[in-house]
Amino acid sequence: MRWTDFLLPTLKETPAEAETQSHKLMLRAGLIRKLSSGIYNMLPLGLRVTQKVASIVREEMNRIGALEILMPVLSPAELWEESGRWGIYGKELMRVRDRHGRFFALGPTHEEIVTDIIRGEVRSYRQLPLTLYQIQTKFRDEVRPRFGVVRAREFLMKDAYSFHRDEASLAETYDKMYEAYTRIFTRCGLRFGSVEADSGAIGGDVTHEFMVFAETGESQVFACDCGYAATEDTAECVIDVPEGSEEAQGLEKVETPGMKTVEEVTAFLKKEPRQLIKTIVYNVEGEYVAVLIRGDREINEIKLAKVLGSPNIGMATAEDIEKVTGGPLGFSGPVGLKDVRIIADRTVTGACNMVTGANEADAHYVNVTLGRDFEVTGFHDLVLVEAGDICTRCGKPLGTWRGIEVGQIFKLGTKYSEIMKATFLDEQGKEHPFVMGCYGIGVTRTVAAAIEQHNDKDGISWPISIAPFEVHVLPTNVTVPELKDTAEAIYDGLMAEGIQVLLDDRDERPGNKFKDADLVGIPIRVTVGEKSLKEGKVEIRMRKSGEVTKIEKGDAVAHIAEVVREEKKKLEA
Ligand SMILES: [Zn+2]
């Protein structure tokens, strides 16, 4: 491709709207342009990279026997009503209405549609297992779109769905997917980890997220040397609870005028935060639940939502707290609390001589003891893990890293097939619901994640497998015939070798051309300059290392073709 025939609008200034490196560089290097909040045009350079990622994904899906299909973006509300998700998916689901007043969702995911296909087409166990996938535009009405294509409202995704007769068959495909994902991200030149995660709105019990390591990543991961890794949402840790050797003192109500926070109360009473029990009242679809946790820890609301069996939980309002506990916000406690379900985090196990709110203004209890002064209906793991907490598997402290989630795989079980009555017949002619799995990869997000990992102060530095071009030929002055002709000859020679080449044939100052080359980040640059050419040589510069070698111009094509092959080999999986 000749630069003068291409649309490659690079920017010198960093657009003010961009926060992360990938967002800045995708704008500056002319990959994307913003159309509206969270909605981007993909320009030619950006689309080339996106298509390369998509074709790696496609190759690896095909390799494990998944079949490519294409489902519509518009999915009828009736299917979402059948699964129950029309109501529970919330505001992230984009909804549209046609001229007849019928509702449709702009698909954020396709479990309902694919289950509908299968229940219509697959009847026998002999047709199983079966995996279908598509690479398609997805929609999500983000509250706060940000980081460019990382958290966009419209993006390209690969989503795959597998159907099985039993859990064992699902487990086999799940493992194959796990391996395919590992190959995909390795081939894209990414450093990544897989972590145990929460299944959120998709559902199912077992799920792994694939995270690309990035300081700007939105996801915090807790990981241990033993191999354990989990997202903040699901991470578990060992809880240190006292031995229970302490003798329970008499319950006493004390005045704590205006003291509402853990810090204020404990400082006033000359106690440690861990000697206090926080009582937080939640509104769970109109019912109130009091949740207890030790004063030095925080509640993980994702874990709590799971325990309560509802995604729709929120802290009760001050007004509701007054109604439920009889006391104002900041003074709640479990002692004497009636007609409210009380559950507790494991940190409250064996609670003895603790401080709690007294359910009246400006008062707390001291020496509160579990069993004598209050009871709970159950203990659960509700704690938000912190760095340095102890690994449940090996007893070592957990470390943390940040990442961008690029893929997630789920064992769904029969969640969708049962509710949508998608069944097959076994050998005995007996009907069973399909056992399902689903598997997503954010294609556009993977492009951004790759830039987060592969950039420096001058711009992007693409892994060759997903680079928009493999070689960048740069004559320093196209008005000098010898430079121009040599560059053209190398360009033609490389193209004949099947190499993807960008020729900067612009009549521009060399300084600008070099700056743009570094910004766009094609892995191998061939500079055809006057000084080297006087010695009959051209310069080959590796974008990542900055390493420069001079080659006889006659050997250039063969040499570069070899470098391209070697670079590609490094990313094979
Ligand atoms: Zn461990």
# chains A, B, ... in the order shown; residues from 1 in each chain; ligands from 1
call {"tool": "residues_near_ligand", "arguments": {"ligand": "ligand 1", "cutoff": "8 Å", "atoms": "only C-alpha atoms and all ligand atoms", "output": "ChimeraX atom specification"}}
result
/A:223-228,390-398
call {"tool": "select_by_dssp", "arguments": {"residues": "range 12-60 of chain A", "states": "helix (DSSP H, G or I)", "output": "list in words"}}
result
Gln21, Ser22, His23, Lys24, Leu25, Met26, Leu27, Arg28, Pro44, Leu45, Gly46, Leu47, Arg48, Val49, Thr50, Gln51, Lys52, Val53, Ala54, Ser55, Ile56, Val57, Arg58, Glu59 and Glu60 of chain A
call {"tool": "write_last_selection", "arguments": {"atoms": "C-alpha atoms", "output": "PDB file, in the first residue's frame"}}
result
ATOM      1  CA  GLN A  21      -2.269   5.058  26.083  1.00  0.00           C
ATOM      2  CA  SER A  22      -4.255   2.798  23.781  1.00  0.00           C
ATOM      3  CA  HIS A  23      -7.024   5.363  23.361  1.00  0.00           C
ATOM      4  CA  LYS A  24      -4.532   8.177  22.693  1.00  0.00           C
ATOM      5  CA  LEU A  25      -2.537   6.132  20.229  1.00  0.00           C
ATOM      6  CA  MET A  26      -5.546   4.743  18.367  1.00  0.00           C
ATOM      7  CA  LEU A  27      -6.610   8.322  17.728  1.00  0.00           C
ATOM      8  CA  ARG A  28      -3.142   9.714  17.002  1.00  0.00           C
ATOM      9  CA  PRO A  44      -8.464   1.618   7.307  1.00  0.00           C
ATOM     10  CA  LEU A  45      -5.440   1.098   9.576  1.00  0.00           C
ATOM     11  CA  GLY A  46      -7.609   0.199  12.568  1.00  0.00           C
ATOM     12  CA  LEU A  47      -9.710  -2.175  10.514  1.00  0.00           C
ATOM     13  CA  ARG A  48      -6.630  -3.979   9.184  1.00  0.00           C
ATOM     14  CA  VAL A  49      -5.489  -4.721  12.749  1.00  0.00           C
ATOM     15  CA  THR A  50      -8.997  -5.699  13.866  1.00  0.00           C
ATOM     16  CA  GLN A  51      -9.329  -8.092  10.940  1.00  0.00           C
ATOM     17  CA  LYS A  52      -5.989  -9.677  11.762  1.00  0.00           C
ATOM     18  CA  VAL A  53      -7.081 -10.327  15.336  1.00  0.00           C
ATOM     19  CA  ALA A  54     -10.397 -11.645  14.025  1.00  0.00           C
ATOM     20  CA  SER A  55      -8.699 -14.035  11.630  1.00  0.00           C
ATOM     21  CA  ILE A  56      -6.451 -15.451  14.371  1.00  0.00           C
ATOM     22  CA  VAL A  57      -9.600 -15.986  16.435  1.00  0.00           C
ATOM     23  CA  ARG A  58     -11.359 -17.594  13.458  1.00  0.00           C
ATOM     24  CA  GLU A  59      -8.442 -19.942  12.710  1.00  0.00           C
ATOM     25  CA  GLU A  60      -8.309 -21.164  16.298  1.00  0.00           C
TER      26      GLU A  60
END
call {"tool": "atom_distance", "arguments": {"atom1": "CA of Val212 in chain A", "atom2": "CA of Glu452 in chain A"}}
result
9.0 Å
call {"tool": "atom_distance", "arguments": {"atom1": "CA of Met177 in chain A", "atom2": "CA of Asn455 in chain A"}}
result
29.2 Å
call {"tool": "residues_around", "arguments": {"residues": "Thr486 in chain A", "least_positions_apart": "6", "cutoff": "9 Å", "atoms": "only C-alpha atoms", "output": "PyMOL selection string"}}
result
chain A and resi 475+528+533+553
